[in-house]
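Data block for upload-v1.txt (compact mmCIF, C-alpha atoms):
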```txt
# COMPACT_ATOMS: atom_id res chain seq x y z
CA MET A 1041 21.48 24.65 3.74
CA LYS A 1042 19.17 23.31 1.05
CA LYS A 1043 19.25 19.55 0.59
CA LYS A 1044 20.57 18.27 -2.74
CA ILE A 1045 18.07 15.92 -4.36
CA ALA A 1046 18.79 13.72 -7.37
CA LEU A 1047 15.64 13.32 -9.47
CA VAL A 1048 16.22 9.98 -11.17
CA THR A 1049 14.50 9.32 -14.51
CA GLY A 1050 14.93 7.43 -17.80
CA GLY A 1051 15.25 3.68 -17.54
CA PHE A 1052 15.96 0.52 -19.47
CA THR A 1053 12.43 -0.23 -20.76
CA GLY A 1054 9.68 1.26 -22.95
CA GLU A 1055 8.32 2.94 -19.83
CA SER A 1056 11.18 5.46 -19.91
CA VAL A 1057 8.93 7.72 -22.03
CA ILE A 1058 6.42 7.97 -19.16
CA SER A 1059 9.27 8.37 -16.65
CA LEU A 1060 10.56 11.46 -18.50
CA LYS A 1061 7.05 12.99 -18.47
CA SER A 1062 6.71 12.30 -14.74
CA ALA A 1063 10.15 13.77 -14.04
CA ALA A 1064 9.30 16.98 -15.91
CA VAL A 1065 6.30 17.53 -13.61
CA VAL A 1066 8.24 16.71 -10.42
CA GLU A 1067 11.11 18.99 -11.52
CA LYS A 1068 8.88 22.04 -11.99
CA THR A 1069 6.65 21.38 -8.93
CA ILE A 1070 9.17 20.48 -6.23
CA ASP A 1071 9.82 23.14 -3.54
CA ARG A 1072 12.96 24.98 -4.72
CA ASP A 1073 13.14 26.97 -1.48
CA ARG A 1074 13.90 23.73 0.33
CA TYR A 1075 15.72 21.62 -2.26
CA ASP A 1076 18.34 21.91 -5.01
CA VAL A 1077 17.22 19.47 -7.69
CA TYR A 1078 19.45 17.70 -10.20
CA LYS A 1079 17.77 15.58 -12.89
CA ILE A 1080 19.81 12.44 -13.42
CA PHE A 1081 19.16 10.37 -16.55
CA VAL A 1082 19.75 6.63 -16.18
CA TYR A 1083 20.13 4.65 -19.42
CA PRO A 1084 22.08 1.43 -20.11
CA GLY A 1085 25.77 2.39 -19.84
CA ASP A 1086 24.88 6.09 -19.79
CA TRP A 1087 24.07 7.81 -16.47
CA HIS A 1088 24.34 11.58 -16.79
CA PHE A 1089 23.25 15.08 -15.80
CA VAL A 1090 22.71 17.87 -18.34
CA CYS A 1091 23.94 21.35 -17.34
CA ALA A 1092 22.07 24.57 -18.17
CA SER A 1093 24.69 25.03 -20.91
CA GLY A 1094 23.65 21.69 -22.43
CA GLU A 1095 26.88 19.98 -21.38
CA LYS A 1096 26.39 16.31 -20.50
CA ILE A 1097 28.13 15.35 -17.26
CA PRO A 1098 28.61 11.65 -16.46
CA VAL A 1099 27.64 10.27 -13.06
CA ASP A 1100 30.49 8.78 -11.01
CA LEU A 1101 28.99 5.40 -10.15
CA ASN A 1102 31.50 4.85 -7.33
CA ASP A 1103 29.57 7.27 -5.11
CA PHE A 1104 26.67 8.47 -7.33
CA SER A 1105 28.08 11.98 -7.66
CA ILE A 1106 28.60 14.49 -10.47
CA THR A 1107 31.35 17.08 -10.93
CA ILE A 1108 30.29 20.45 -12.31
CA GLY A 1109 33.36 22.56 -13.02
CA ASP A 1110 35.45 22.25 -9.84
CA GLU A 1111 32.49 21.33 -7.63
CA LYS A 1112 31.78 17.71 -6.73
CA VAL A 1113 28.04 17.35 -6.05
CA LYS A 1114 26.99 14.54 -3.70
CA PHE A 1115 23.29 13.98 -3.07
CA ASP A 1116 21.45 13.94 0.24
CA GLY A 1117 18.64 11.84 -1.19
CA VAL A 1118 16.99 10.52 -4.34
CA PHE A 1119 13.52 11.26 -5.68
CA ASN A 1120 12.97 8.10 -7.72
CA ILE A 1121 10.54 8.54 -10.62
CA LEU A 1122 12.06 5.86 -12.85
CA HIS A 1123 9.27 3.47 -13.93
CA GLY A 1124 10.16 -0.11 -14.87
CA SER A 1125 13.77 -1.32 -14.65
CA PRO A 1126 16.03 -0.41 -12.87
CA GLY A 1127 14.01 2.09 -10.78
CA GLU A 1128 10.96 0.01 -9.93
CA ASP A 1129 12.38 -3.53 -9.73
CA GLY A 1130 14.78 -2.96 -6.83
CA LYS A 1131 18.05 -2.72 -8.76
CA LEU A 1132 18.55 1.01 -8.08
CA ALA A 1133 17.34 0.61 -4.49
CA GLY A 1134 20.04 -2.01 -3.83
CA TYR A 1135 22.68 0.29 -5.34
CA PHE A 1136 21.58 3.27 -3.20
CA ASP A 1137 21.43 1.04 -0.10
CA MET A 1138 25.08 0.08 -0.61
CA LEU A 1139 26.01 3.77 -0.88
CA GLY A 1140 23.86 4.76 2.10
CA ILE A 1141 21.77 7.24 0.09
CA PRO A 1142 18.06 7.44 1.06
CA TYR A 1143 15.35 7.39 -1.64
CA THR A 1144 11.62 8.08 -1.83
CA THR A 1145 10.42 4.63 -2.93
CA CYS A 1146 10.20 1.06 -1.57
CA ASP A 1147 13.31 -0.82 -0.49
CA GLN A 1148 15.14 -3.34 -2.65
CA LEU A 1149 13.25 -6.46 -1.53
CA THR A 1150 9.77 -4.94 -1.69
CA SER A 1151 10.49 -3.40 -5.11
CA ALA A 1152 11.73 -6.72 -6.51
CA ILE A 1153 8.78 -8.73 -5.14
CA THR A 1154 6.06 -6.25 -6.15
CA MET A 1155 7.42 -6.13 -9.71
CA ASN A 1156 6.35 -9.78 -9.92
CA LYS A 1157 2.54 -9.89 -10.05
CA GLY A 1158 2.32 -13.60 -9.20
CA TYR A 1159 4.57 -13.40 -6.13
CA THR A 1160 2.79 -10.28 -4.88
CA LYS A 1161 -0.59 -12.01 -5.04
CA ALA A 1162 0.79 -14.98 -3.10
CA ILE A 1163 1.86 -12.62 -0.28
CA VAL A 1164 -1.31 -10.50 -0.03
CA GLN A 1165 -3.96 -13.17 -0.64
CA ASP A 1166 -4.55 -13.99 3.04
CA ILE A 1167 -5.33 -10.36 3.99
CA PRO A 1168 -8.90 -10.29 5.38
CA GLU A 1169 -11.55 -9.10 2.88
CA LEU A 1170 -9.05 -9.25 -0.04
CA ASN A 1171 -9.68 -11.65 -2.93
CA VAL A 1172 -7.46 -12.59 -5.86
CA ALA A 1173 -8.57 -14.06 -9.19
CA ARG A 1174 -7.56 -17.68 -9.80
CA SER A 1175 -4.38 -17.72 -11.85
CA ILE A 1176 -1.41 -19.66 -13.20
CA GLN A 1177 2.14 -18.38 -13.48
CA LEU A 1178 4.03 -19.56 -16.57
CA PHE A 1179 7.82 -19.57 -16.88
CA GLU A 1180 8.23 -20.57 -20.56
CA ASN A 1181 6.15 -20.49 -23.73
CA VAL A 1182 5.60 -24.19 -24.42
CA VAL A 1183 2.76 -26.10 -26.15
CA GLU A 1184 1.71 -27.85 -22.90
CA ASN A 1185 0.64 -24.49 -21.42
CA ALA A 1186 -2.69 -24.54 -23.30
CA SER A 1187 -3.93 -27.80 -21.74
CA LYS A 1188 -2.56 -26.80 -18.31
CA ILE A 1189 -4.54 -23.55 -18.46
CA ALA A 1190 -7.72 -25.25 -19.76
CA ASP A 1191 -7.59 -27.80 -16.91
CA SER A 1192 -7.26 -25.15 -14.19
CA LEU A 1193 -9.05 -21.97 -15.32
CA THR A 1194 -12.27 -20.97 -17.06
CA LEU A 1195 -12.74 -18.37 -19.83
CA PRO A 1196 -12.55 -15.42 -20.23
CA LEU A 1197 -8.91 -14.94 -19.20
CA PHE A 1198 -6.44 -12.11 -18.80
CA ILE A 1199 -2.92 -12.77 -20.09
CA LYS A 1200 -0.24 -10.38 -18.88
CA PRO A 1201 3.55 -10.13 -18.60
CA ASN A 1202 4.33 -10.90 -14.97
CA ASN A 1203 6.89 -8.14 -14.45
CA GLY A 1204 5.76 -5.48 -16.91
CA GLY A 1205 4.14 -2.17 -16.18
CA SER A 1206 2.01 0.21 -18.25
CA SER A 1207 -0.16 -2.72 -19.46
CA ILE A 1208 2.11 -3.47 -22.45
CA GLY A 1209 1.62 -7.03 -23.77
CA MET A 1210 -1.74 -7.60 -22.07
CA SER A 1211 -4.66 -9.42 -23.74
CA LYS A 1212 -8.17 -10.55 -22.86
CA VAL A 1213 -8.92 -14.04 -24.19
CA LYS A 1214 -12.52 -15.15 -24.76
CA THR A 1215 -11.91 -18.32 -26.80
CA TRP A 1216 -9.25 -21.03 -26.56
CA GLU A 1217 -8.25 -20.25 -30.18
CA GLU A 1218 -7.05 -16.78 -29.09
CA LEU A 1219 -4.80 -18.20 -26.37
CA PRO A 1220 -1.56 -19.00 -28.32
CA GLU A 1221 -1.35 -15.50 -29.84
CA ALA A 1222 -2.02 -13.83 -26.46
CA LEU A 1223 0.67 -15.95 -24.77
CA GLY A 1224 3.13 -15.09 -27.54
CA LYS A 1225 2.42 -11.39 -27.13
CA ALA A 1226 2.98 -11.54 -23.35
CA PHE A 1227 6.13 -13.69 -23.59
CA ALA A 1228 7.54 -11.15 -26.09
CA GLU A 1229 7.57 -8.69 -23.16
CA ASP A 1230 8.66 -10.96 -20.32
CA ALA A 1231 10.11 -14.37 -19.44
CA GLN A 1232 7.22 -14.95 -16.99
CA VAL A 1233 3.53 -14.64 -17.80
CA LEU A 1234 0.47 -14.54 -15.54
CA VAL A 1235 -2.79 -16.06 -16.76
CA GLU A 1236 -5.80 -15.25 -14.61
CA GLU A 1237 -9.55 -15.58 -14.68
CA PHE A 1238 -11.45 -12.46 -15.65
CA VAL A 1239 -13.30 -10.76 -12.80
CA SER A 1240 -16.31 -8.73 -13.87
CA GLY A 1241 -16.51 -5.56 -11.81
CA ARG A 1242 -15.95 -1.86 -11.47
CA GLU A 1243 -12.27 -0.95 -11.74
CA PHE A 1244 -10.51 1.44 -9.36
CA SER A 1245 -6.99 2.65 -8.63
CA ILE A 1246 -6.04 4.07 -5.25
CA GLY A 1247 -2.94 5.84 -3.95
CA ILE A 1248 -1.45 5.17 -0.51
CA PHE A 1249 1.57 7.01 0.86
CA LYS A 1250 3.53 7.51 4.04
CA GLY A 1251 4.28 11.07 5.11
CA LYS A 1252 4.84 12.63 8.55
CA GLY A 1253 5.07 9.06 9.87
CA GLN A 1254 1.45 8.30 8.93
CA ILE A 1255 -0.02 6.05 6.22
CA THR A 1256 -2.58 8.04 4.23
CA VAL A 1257 -5.11 6.47 1.85
CA LEU A 1258 -6.05 8.88 -0.95
CA PRO A 1259 -9.49 9.02 -2.59
CA ALA A 1260 -9.81 6.21 -5.17
CA THR A 1261 -10.18 6.87 -8.91
CA GLU A 1262 -12.85 4.90 -10.77
CA ILE A 1263 -11.79 3.92 -14.28
CA VAL A 1264 -14.56 3.69 -16.86
CA SER A 1265 -12.91 2.57 -20.08
CA SER A 1266 -14.40 2.52 -23.55
CA LYS A 1267 -11.93 -0.32 -24.14
CA GLU A 1268 -12.55 -3.78 -22.72
CA PHE A 1269 -9.83 -3.31 -20.13
CA PHE A 1270 -7.41 -0.65 -18.89
CA ASP A 1271 -4.64 -1.31 -21.44
CA TYR A 1272 -1.74 0.89 -22.56
CA GLU A 1273 -3.95 2.95 -24.89
CA ALA A 1274 -6.62 3.43 -22.21
CA LYS A 1275 -3.93 4.58 -19.76
CA TYR A 1276 -2.09 7.05 -21.95
CA VAL A 1277 -4.35 8.17 -24.84
CA PRO A 1278 -6.66 11.02 -23.79
CA GLY A 1279 -10.38 10.35 -24.08
CA VAL A 1280 -10.16 6.55 -24.23
CA CYS A 1281 -11.31 6.21 -20.65
CA GLU A 1282 -13.08 8.31 -18.07
CA GLU A 1283 -11.39 8.73 -14.69
CA ILE A 1284 -13.68 9.71 -11.83
CA THR A 1285 -11.98 10.97 -8.64
CA PRO A 1286 -13.23 10.29 -6.01
CA GLY A 1287 -14.69 7.09 -7.50
CA ARG A 1288 -18.32 6.14 -6.92
CA MET A 1289 -18.27 3.98 -3.80
CA THR A 1290 -20.56 3.73 -0.80
CA GLU A 1291 -19.33 4.81 2.63
CA GLU A 1292 -18.95 1.15 3.58
CA GLU A 1293 -16.89 0.45 0.44
CA VAL A 1294 -14.63 3.46 1.06
CA GLU A 1295 -13.93 2.28 4.63
CA ARG A 1296 -13.41 -1.36 3.62
CA VAL A 1297 -11.10 -0.49 0.72
CA GLY A 1298 -9.10 1.83 3.00
CA ARG A 1299 -8.69 -0.99 5.53
CA ILE A 1300 -7.59 -3.50 2.89
CA VAL A 1301 -5.08 -1.30 1.04
CA THR A 1302 -3.51 -0.10 4.31
CA LYS A 1303 -2.90 -3.78 5.17
CA VAL A 1304 -1.41 -4.34 1.68
CA TYR A 1305 0.95 -1.35 2.20
CA GLU A 1306 2.02 -2.66 5.62
CA LYS A 1307 2.33 -6.33 4.65
CA LEU A 1308 4.55 -5.55 1.65
CA ASN A 1309 6.58 -3.07 3.77
CA CYS A 1310 5.98 -0.25 1.27
CA LYS A 1311 7.54 3.20 1.45
CA GLY A 1312 6.70 6.45 -0.30
CA ALA A 1313 3.68 6.59 -2.60
CA VAL A 1314 2.25 3.45 -4.21
CA ARG A 1315 -0.89 2.75 -6.22
CA VAL A 1316 -3.11 -0.31 -5.86
CA ASP A 1317 -5.43 -1.33 -8.70
CA TYR A 1318 -8.53 -3.33 -7.74
CA PHE A 1319 -12.01 -4.43 -8.83
CA LEU A 1320 -15.21 -4.36 -6.84
CA GLN A 1321 -16.97 -7.44 -8.18
CA GLN A 1322 -20.22 -6.77 -10.02
CA GLU A 1323 -22.78 -8.70 -7.99
CA THR A 1324 -21.03 -9.13 -4.65
CA GLY A 1325 -19.03 -5.89 -4.24
CA LYS A 1326 -16.05 -8.05 -3.11
CA PHE A 1327 -12.57 -6.47 -3.33
CA TYR A 1328 -10.34 -8.17 -5.92
CA PHE A 1329 -6.65 -7.18 -5.90
CA ILE A 1330 -5.19 -6.61 -9.39
CA GLU A 1331 -1.68 -5.26 -8.80
CA ILE A 1332 0.46 -2.71 -7.01
CA ASN A 1333 2.62 -0.04 -8.66
CA THR A 1334 5.48 1.17 -6.45
CA VAL A 1335 6.64 4.00 -8.74
CA PRO A 1336 3.31 5.43 -9.91
CA GLY A 1337 3.24 8.08 -12.63
CA GLN A 1338 3.46 11.73 -11.60
CA THR A 1339 2.35 13.40 -14.83
CA GLU A 1340 -0.16 16.28 -14.74
CA THR A 1341 -3.05 13.89 -15.38
CA SER A 1342 -1.78 10.82 -13.51
CA LEU A 1343 -4.10 9.16 -11.03
CA ILE A 1344 -2.00 9.98 -7.95
CA SER A 1345 -1.94 13.68 -8.91
CA GLN A 1346 -5.75 13.70 -9.30
CA GLN A 1347 -6.16 11.97 -5.94
CA VAL A 1348 -3.82 14.29 -4.03
CA LYS A 1349 -5.64 17.33 -5.46
CA ALA A 1350 -8.99 15.81 -4.39
CA THR A 1351 -7.81 15.95 -0.75
CA GLY A 1352 -7.11 19.71 -1.03
CA LYS A 1353 -3.34 19.18 -0.67
CA SER A 1354 -1.04 20.75 -3.25
CA ILE A 1355 1.27 18.49 -5.28
CA LYS A 1356 4.22 20.56 -3.98
CA GLU A 1357 3.25 19.74 -0.36
CA PHE A 1358 2.83 16.09 -1.31
CA TYR A 1359 6.36 15.93 -2.79
CA THR A 1360 7.80 17.63 0.29
CA GLU A 1361 6.16 15.00 2.54
CA LEU A 1362 7.61 12.17 0.43
CA ILE A 1363 11.10 13.70 0.53
CA GLU A 1364 11.03 14.46 4.25
CA GLU A 1365 9.74 10.95 5.03
CA MET A 1366 12.84 9.37 3.44
CA PHE A 1367 15.03 11.39 5.83
CA SER A 1368 13.02 10.46 8.95
```
Let me see the file written as structure tokens.
Amino acid sequence: MKKKIALVTGGFTGESVISLKSAAVVEKTIDRDRYDVYKIFVYPGDWHFVCASGEKIPVDLNDFSITIGDEKVKFDGVFNILHGSPGEDGKLAGYFDMLGIPYTTCDQLTSAITMNKGYTKAIVQDIPELNVARSIQLFENVVENASKIADSLTLPLFIKPNNGGSSIGMSKVKTWEELPEALGKAFAEDAQVLVEEFVSGREFSIGIFKGKGQITVLPATEIVSSKEFFDYEAKYVPGVCEEITPGRMTEEEVERVGRIVTKVYEKLNCKGAVRVDYFLQQETGKFYFIEINTVPGQTETSLISQQVKATGKSIKEFYTELIEEMFS
């Protein structure tokens, strides 16, 4: 019997657009000889499946099932490709835990913590060889923030929503005059904002996943942006940045990065595929942790897809390993 897999997409944030693109790739790549796949759209107050006929079938939230004609379809597992809330922040994970349905991504606690950049840094900062930029976490947009930041940090600064993904609401601040506008932009996206010192270095993003019981570190992608930093446009507009996979690192750097990100994966109790963004500092080559993404994009050009292909593994095999791991 083929296992029934719910491919969960959509979401409650602006990232739903990327989630739909990722889901389209997963849907057409997944091994149909092994799995029956049902794409489930999750929107506020509207969870549904669309039949081949175009009929929209609501999801029964009591047991996360759908009824097609006379057949009630219950799922063996969930392939979660829902970026942002509620797929990446732990809300869906908690719901599936209560129903006893396995899923391909991190558990509820890990998802909730890693969505918060400030809390994540506090947990990983004592990992050997890992550095974090000095930062301040703000919980409200008040006038006193400016002096608090000036007393603790030195320019230039990065201002970013603490819980957001896809780099929406991020700014680089080079003068104190630019600070109020940057804070306003970040607070428009989130109730918490992270202000951190700028680290000058080469930027990389690296995938780590667990399959067949083993943690595998994929080849890193080096990001060379024509923009000042890897913002929303650099991520999603073709040609704005160059992505080099595998990234240009020495053998020593490859080994050291592999060691560090494996520890990050273990310490945060990650599951499935995650992506860690980091800098190698310009003069020293030191590893600076930026953030972790626990539901990384799976579009044709996404970094994880590039990295899996660089190992010689097919994306179909990769998806099968993620699905089988959730059942193990």
**Request:** Extract, using all atoms listed in the file, all DNA, RNA and protein residues at most 9 Å from Phe1249 (chain A), discarding same-chain residues fewer than 4 positions from it, and format them as JSON, numbers by chain.
**Result:** {"A": [1254, 1255, 1256, 1257, 1258, 1305, 1310, 1311, 1312, 1313, 1314, 1315, 1362]}
Closest pair table for region 1342-1364 of chain A residues within 12 Å of region 1326-1335 of chain A, only C-alpha atoms, as JSON lines:
```
{"residue": "A:Ser1342", "atom": "CA", "partner": "A:Val1335", "partner_atom": "CA", "distance": 11.8}
{"residue": "A:Leu1343", "atom": "CA", "partner": "A:Asn1333", "partner_atom": "CA", "distance": 11.6}
{"residue": "A:Ile1344", "atom": "CA", "partner": "A:Val1335", "partner_atom": "CA", "distance": 10.5}
```
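You will find CA of Ser1062 (chain A) at 6.8 Å from CA of Ile1121 (chain A).
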**Request:** Around the point (6.5, 12.4, -2.2) in the file's coordinates, collect all residues with an atom within 10 Å, using all atoms listed in the file, and return them as a PyMOL selection string.
**Result:** chain A and resi 1066+1070+1119-1120+1144-1145+1249-1251+1311-1313+1338+1355-1366
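The space between CA of Val1239 (chain A) and CA of Glu1283 (chain A) spans 19.7 Å.
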Scan for residues within 10 Å of the point (14.3, 18.8, -12.9) in the coordinates of the file, using only C-alpha atoms, and reply as a PDB file with C-alpha atoms, in the frame of the given file.
```
ATOM      1  CA  ILE A1045      18.070  15.920  -4.360  1.00  0.00           C
ATOM      2  CA  ALA A1046      18.790  13.720  -7.370  1.00  0.00           C
ATOM      3  CA  LEU A1047      15.640  13.320  -9.470  1.00  0.00           C
ATOM      4  CA  VAL A1048      16.220   9.980 -11.170  1.00  0.00           C
ATOM      5  CA  THR A1049      14.500   9.320 -14.510  1.00  0.00           C
ATOM      6  CA  LEU A1060      10.560  11.460 -18.500  1.00  0.00           C
ATOM      7  CA  ALA A1063      10.150  13.770 -14.040  1.00  0.00           C
ATOM      8  CA  ALA A1064       9.300  16.980 -15.910  1.00  0.00           C
ATOM      9  CA  VAL A1065       6.300  17.530 -13.610  1.00  0.00           C
ATOM     10  CA  VAL A1066       8.240  16.710 -10.420  1.00  0.00           C
ATOM     11  CA  GLU A1067      11.110  18.990 -11.520  1.00  0.00           C
ATOM     12  CA  LYS A1068       8.880  22.040 -11.990  1.00  0.00           C
ATOM     13  CA  THR A1069       6.650  21.380  -8.930  1.00  0.00           C
ATOM     14  CA  ILE A1070       9.170  20.480  -6.230  1.00  0.00           C
ATOM     15  CA  ASP A1076      18.340  21.910  -5.010  1.00  0.00           C
ATOM     16  CA  VAL A1077      17.220  19.470  -7.690  1.00  0.00           C
ATOM     17  CA  TYR A1078      19.450  17.700 -10.200  1.00  0.00           C
ATOM     18  CA  LYS A1079      17.770  15.580 -12.890  1.00  0.00           C
ATOM     19  CA  ILE A1080      19.810  12.440 -13.420  1.00  0.00           C
TER      20      ILE A1080
END
```
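Taking CA of Lys1212 (chain A) and CA of Gly1130 (chain A) as the two end points, the separation is 29.0 Å.
For the choices A:Glu1180, A:Glu1095, A:Asp1103, A:Glu1169, the atom-to-atom distance to Ala1226 (chain A) is smallest for A:Glu1180 when using all atoms listed in the file.
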Selection: 10 Å around Ile1108 (chain A), all atoms listed in the file, excl. self and same-chain fewer than 5 positions, as a CSV table (one decimal) with C-alpha atoms, in the coordinates of the input:
```
chain,number,residue,atom,x,y,z
A,1089,PHE,CA,23.2,15.1,-15.8
A,1091,CYS,CA,23.9,21.4,-17.3
A,1095,GLU,CA,26.9,20.0,-21.4
A,1096,LYS,CA,26.4,16.3,-20.5
A,1097,ILE,CA,28.1,15.4,-17.3
A,1098,PRO,CA,28.6,11.6,-16.5
A,1113,VAL,CA,28.0,17.4,-6.0
```
How big is the axis-aligned box around the listed atoms of region 1205-1221 of chain A once 4 Å is added on each side, and where is its centre? Give both in Å to one decimal, as lines of an AutoDock Vina configuration file.
```
center_x = -4.2
center_y = -10.4
center_z = -23.2
size_x = 24.7
size_y = 29.2
size_z = 22.0
```
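Each of A:Asp1137, A:Glu1221, A:Glu1340, A:Glu1262 was compared to Asp1317 (chain A) using all atoms listed in the file, and A:Glu1262 turns out to be the nearest.
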